[in-house]
Amino acid sequence: MSGAGKAWAAGEDAMTAIAPEGGLLARLDPVSFGSSVLAVAWRAAQHPYAASGAFWQFGTALARIAPEAARRWAGRGTDDGGALATDKRFADPAWRDNPAFFALGRAYFAAAELANDLLAAGRGNPVTDAKAQLASDLMIAALAPTNYLATNPAALKRAFETAGASVLAGTRNFLDDLRNNRGMPRQVDIRPFEIGRNLAATPGKVVFRNDLMELIQYAPQTPQVRSVPVLASPPWINKYYIMDLAPGRSFLEWAITHERTVFAISYRNPDPSMSGVTLDDYLVHGPQTALDVITDITGAPKIDIIGLCLGGALTAMLAAYLAATGDPRLGSITLLNTLLDYSEPGVLGAFTDELTVARLERQMQEQGVLEGRQMATTFDALRPNDLIFNYVVSNWLLGQDPPAFDILAWNSDNTRMPATMHAFYLRSLYLRNELAKGLMEIKGQRLSLADVSNDVYVVGAINDHIVPWPASYKTTGLMGGDARYVLSSGGHIAGIVNPPGPKPWYEVAKPPNPADSRQWREGAERYSGSWWEDWAKWAGRRASRRVEPPPMGSEKYPALADAPGSYVHS
């Protein structure tokens, strides 16, 4: 590690010792939060009228607090509390009924408004503006009075009701997280979950293994199946089983019960020995090899493919590569929460500018991989109230154990990424947007999405902060075949783990797809239920006739082990 790296690590350790969650900013140093905030502050100082206006508004807001708090003390309050009445962190009635807590809460929101006004006054560079906004949001979230025992009425009440037992329990949780979780509050109790028992539990066999992936063939669950099998292409940034999460909540299980023969890739968790693995290797030794195995086992001339997130991007690359080389094996294509046009990547664009990528490359060269915990820190920082401080309150202040939740258990099972592959991915897609522009080359072949004539089913999620749905909608204008776009309820993960029930909904518009996503949504119709149901009908119409299920494996590719295999445990 370089001298600067050692100094930063020491600073991170110091921050963690003082305030564990405060070390989060240190861990995000590659994003240059500090320099971005200073750049925005300098630009704001050059616009004194806007900056002074922000402070004037702040002073006015503070001046209004005391009179309203006094009226509440006298029982004559008329103010509805503003953000205090709508922010779920301040749900306890004391924030509106108690004059002291009311004043504290209103002062906090006034300060947050001041920070946002100053950021607006200092706008001038999209990259530094986005980074400064993320840093500001993180600091504002950290400074919320709900995060501290003395200023959280719900925590004080619980301490009184439990005669201090909640404080002792919270202290134990805090110390355990300090020692064993790098000072971050745990999001989930993983003890009730076991891979192969209640996670990744759909019956099947591993029928192929190489140095990069295992291929799982799932056992049939219907007397007959459609003759066109399905390959699931998951992201390698996480374990594959988000697509096979739990019984009743598994999309792959849903496909199997709807007469599909399903195969799924399970990628190996890379270690430093795989630092030189390329994106070409992922395409060739991942889904392309999987197609060869599936063809041998099933004898099917066509294979449908379902790609999720990064696995969806690789699916699109594979489809373009096969189209260019004259390989006709792909049937329909399903892309779930997938970004192909990186011109508007959402908040992740703040993590993928030239300076950040270059610094990350140097770090990966030293390590050989990008550690999964580094990615987890980044994603947590995008939603600090939900993914960090929510658990500060529940675990440390209220003394509660973290919940046992399957999605969070999967999310905590993070993976690494090979240095060479990830650097190429960031530069080629996030920095240069080569796939959408038709300039990307894989295995010496230039890829053109317009040459992909397969029917495409594209799913976006309304609350997806990783792949904003308007960005995923652009896929409909990039692929050469007929595209059906579906907008789902939920976020990046809950939009995929979306089994039928009373809460889910999805929206679909009649073809043709307009170029603008807003125009598409104006013409879309909302349906109650899960997009899984819509997909089963769409995919079923393209899956040919019903036949007897194929054997589990073949003479060339015999079953090697029970699903979910060994790589999922790496």
# chains A, B, ... in the order shown; residues from 1 in each chain; ligands from 1
call {"tool": "residues_around", "arguments": {"residues": "A:Ala141", "least_positions_apart": "3", "cutoff": "12 Å", "atoms": "only C-alpha atoms", "output": "ChimeraX atom specification"}}
result
/A:21-22,89,108-109,111-112,115,133-138,144-148,381-390,392
call {"tool": "residues_around", "arguments": {"residues": "A:Arg432", "least_positions_apart": "6", "cutoff": "10 Å", "atoms": "only C-alpha atoms", "output": "list in words"}}
result
Tyr342, Ser343, Tyr425, Leu426, Leu439 and Met440 of chain A
call {"tool": "write_last_selection", "arguments": {"atoms": "all heavy atoms", "output": "short mmCIF file (atom, residue, chain, number, x, y, z; two decimals), in the first residue's frame"}}
result
data_model
loop_
_atom_site.label_atom_id
_atom_site.label_comp_id
_atom_site.auth_asym_id
_atom_site.auth_seq_id
_atom_site.Cartn_x
_atom_site.Cartn_y
_atom_site.Cartn_z
N TYR A 342 -25.52 4.03 -21.51
CA TYR A 342 -24.97 4.57 -20.27
C TYR A 342 -24.84 6.09 -20.31
O TYR A 342 -24.11 6.66 -19.51
CB TYR A 342 -23.61 3.93 -19.99
CG TYR A 342 -23.70 2.50 -19.54
CD1 TYR A 342 -24.05 1.48 -20.42
CD2 TYR A 342 -23.45 2.14 -18.22
CE1 TYR A 342 -24.14 0.17 -20.01
CE2 TYR A 342 -23.54 0.82 -17.79
CZ TYR A 342 -23.88 -0.15 -18.69
OH TYR A 342 -23.98 -1.46 -18.28
N SER A 343 -25.56 6.74 -21.22
CA SER A 343 -25.47 8.20 -21.30
C SER A 343 -26.12 8.88 -20.11
O SER A 343 -25.76 10.02 -19.76
CB SER A 343 -26.12 8.70 -22.60
OG SER A 343 -27.49 8.31 -22.66
N TYR A 425 -14.95 -2.80 -18.17
CA TYR A 425 -16.39 -2.55 -18.10
C TYR A 425 -16.68 -1.08 -17.79
O TYR A 425 -17.50 -0.43 -18.45
CB TYR A 425 -17.00 -3.46 -17.03
CG TYR A 425 -18.38 -3.06 -16.56
CD1 TYR A 425 -19.50 -3.27 -17.35
CD2 TYR A 425 -18.55 -2.48 -15.31
CE1 TYR A 425 -20.76 -2.90 -16.91
CE2 TYR A 425 -19.82 -2.11 -14.86
CZ TYR A 425 -20.91 -2.32 -15.67
OH TYR A 425 -22.15 -1.95 -15.23
N LEU A 426 -15.99 -0.52 -16.78
CA LEU A 426 -16.23 0.87 -16.40
C LEU A 426 -15.86 1.82 -17.53
O LEU A 426 -16.61 2.77 -17.83
CB LEU A 426 -15.45 1.21 -15.14
CG LEU A 426 -15.89 0.52 -13.85
CD1 LEU A 426 -14.96 0.89 -12.70
CD2 LEU A 426 -17.33 0.91 -13.49
N LEU A 439 -19.70 0.71 -30.87
CA LEU A 439 -18.24 0.76 -30.97
C LEU A 439 -17.55 -0.30 -30.12
O LEU A 439 -16.32 -0.46 -30.20
CB LEU A 439 -17.74 2.14 -30.52
CG LEU A 439 -18.26 3.34 -31.31
CD1 LEU A 439 -17.77 4.64 -30.69
CD2 LEU A 439 -17.84 3.24 -32.77
N MET A 440 -18.29 -1.05 -29.33
CA MET A 440 -17.67 -2.01 -28.42
C MET A 440 -17.20 -3.24 -29.18
O MET A 440 -17.88 -3.72 -30.09
CB MET A 440 -18.68 -2.42 -27.33
CG MET A 440 -18.09 -3.24 -26.23
SD MET A 440 -19.33 -3.58 -24.94
CE MET A 440 -18.28 -4.25 -23.66
#
call {"tool": "atom_distance", "arguments": {"atom1": "atom CA of A:Thr128", "atom2": "atom CA of A:Ser36"}}
result
4.8 Å
call {"tool": "select_by_dssp", "arguments": {"residues": "stretch 65-235 of chain A", "states": "strand (DSSP E)", "output": "list of chain:residue names"}}
result
A:Gly204, A:Lys205, A:Val206, A:Val207, A:Phe208, A:Arg209, A:Met213, A:Glu214, A:Leu215, A:Ile216, A:Gln217, A:Tyr218, A:Val225, A:Arg226, A:Val230, A:Leu231, A:Ala232, A:Ser233
call {"tool": "residues_around", "arguments": {"residues": "stretch 405-415 of chain A", "least_positions_apart": "5", "cutoff": "10 Å", "atoms": "only C-alpha atoms", "output": "number ranges by chain"}}
result
A: 186-195, 198-200, 236-242, 245-246, 249, 267-271, 369-376, 493-494, 497, 568-570
call {"tool": "residues_around", "arguments": {"residues": "A:Ala561", "least_positions_apart": "2", "cutoff": "9 Å", "atoms": "only C-alpha atoms", "output": "list in words"}}
result
Gly204, Lys205, Val206, Val207, Ala559, Ala563, Pro564, Gly565 and Ser566 of chain A
call {"tool": "write_last_selection", "arguments": {"atoms": "N, CA and C atoms", "output": "short mmCIF file (atom, residue, chain, number, x, y, z; two decimals), in the first residue's frame"}}
result
data_model
loop_
_atom_site.label_atom_id
_atom_site.label_comp_id
_atom_site.auth_asym_id
_atom_site.auth_seq_id
_atom_site.Cartn_x
_atom_site.Cartn_y
_atom_site.Cartn_z
N GLY A 204 -32.32 -29.16 -8.51
CA GLY A 204 -31.64 -29.24 -9.79
C GLY A 204 -30.28 -29.88 -9.66
N LYS A 205 -29.53 -29.89 -10.75
CA LYS A 205 -28.21 -30.50 -10.78
C LYS A 205 -27.22 -29.54 -11.45
N VAL A 206 -25.98 -29.55 -10.97
CA VAL A 206 -24.89 -28.90 -11.68
C VAL A 206 -24.46 -29.83 -12.80
N VAL A 207 -24.57 -29.35 -14.05
CA VAL A 207 -24.26 -30.21 -15.19
C VAL A 207 -22.99 -29.79 -15.92
N ALA A 559 -24.52 -35.06 -14.68
CA ALA A 559 -24.71 -34.30 -13.44
C ALA A 559 -23.49 -34.45 -12.55
N ALA A 563 -27.85 -29.08 -7.11
CA ALA A 563 -27.94 -27.62 -7.02
C ALA A 563 -28.03 -27.23 -5.54
N PRO A 564 -27.50 -26.09 -5.14
CA PRO A 564 -27.00 -25.01 -5.98
C PRO A 564 -25.52 -25.08 -6.30
N GLY A 565 -24.85 -26.20 -6.07
CA GLY A 565 -23.46 -26.34 -6.45
C GLY A 565 -22.49 -25.80 -5.41
N SER A 566 -21.24 -25.65 -5.82
CA SER A 566 -20.18 -25.23 -4.89
C SER A 566 -19.78 -23.78 -5.06
#
call {"tool": "select_by_dssp", "arguments": {"residues": "stretch 253-483 of chain A", "states": "alpha helix (DSSP H)", "output": "PyMOL selection string"}}
result
chain A and resi 253-257+279-283+289-298+310-325+354-367+372-382+384+390-391+406-411+419-425+434-437+469-473
call {"tool": "residues_around", "arguments": {"residues": "A:Ala324", "least_positions_apart": "4", "cutoff": "9 Å", "atoms": "only C-alpha atoms", "output": "list in words"}}
result
Ala319, Ala320, Gln445, Arg446, Leu447, Ser448, Asp451 and Val452 of chain A
call {"tool": "closest_residue", "arguments": {"among": "A:Gly331, A:Pro504, A:Gly105, A:Pro468", "to": "A:Pro345", "atoms": "only C-alpha atoms"}}
result
A:Pro468
call {"tool": "residues_around", "arguments": {"residues": "A:Ala155", "least_positions_apart": "3", "cutoff": "6 Å", "atoms": "only C-alpha atoms", "output": "PyMOL selection string"}}
result
chain A and resi 152+158+397-398
call {"tool": "atom_distance", "arguments": {"atom1": "atom CA of A:Arg106", "atom2": "atom CA of A:Ala54"}}
result
16.3 Å
call {"tool": "closest_residue", "arguments": {"among": "A:Ser530, A:Gln363, A:Asn173, A:Thr298", "to": "A:Phe251", "atoms": "only C-alpha atoms"}}
result
A:Ser530
call {"tool": "atom_distance", "arguments": {"atom1": "atom CA of A:Ser554", "atom2": "atom CA of A:Ile297"}}
result
5.2 Å
call {"tool": "residues_around", "arguments": {"residues": "A:Cys309", "least_positions_apart": "5", "cutoff": "6 Å", "atoms": "only C-alpha atoms", "output": "PyMOL selection string"}}
result
chain A and resi 235+337-338
call {"tool": "write_last_selection", "arguments": {"atoms": "N, CA and C atoms", "output": "tab-separated table (two decimals), in the first residue's frame"}}
result
chain	number	residue	atom	x	y	z
A	235	PRO	N	-26.12	-11.34	-12.83
A	235	PRO	CA	-24.95	-10.47	-12.68
A	235	PRO	C	-23.86	-11.19	-11.88
A	337	ASN	N	-34.03	-4.96	-15.43
A	337	ASN	CA	-33.31	-3.85	-14.78
A	337	ASN	C	-31.89	-3.75	-15.33
A	338	THR	N	-31.82	-3.60	-16.64
A	338	THR	CA	-30.55	-3.63	-17.37
A	338	THR	C	-30.28	-2.29	-18.04
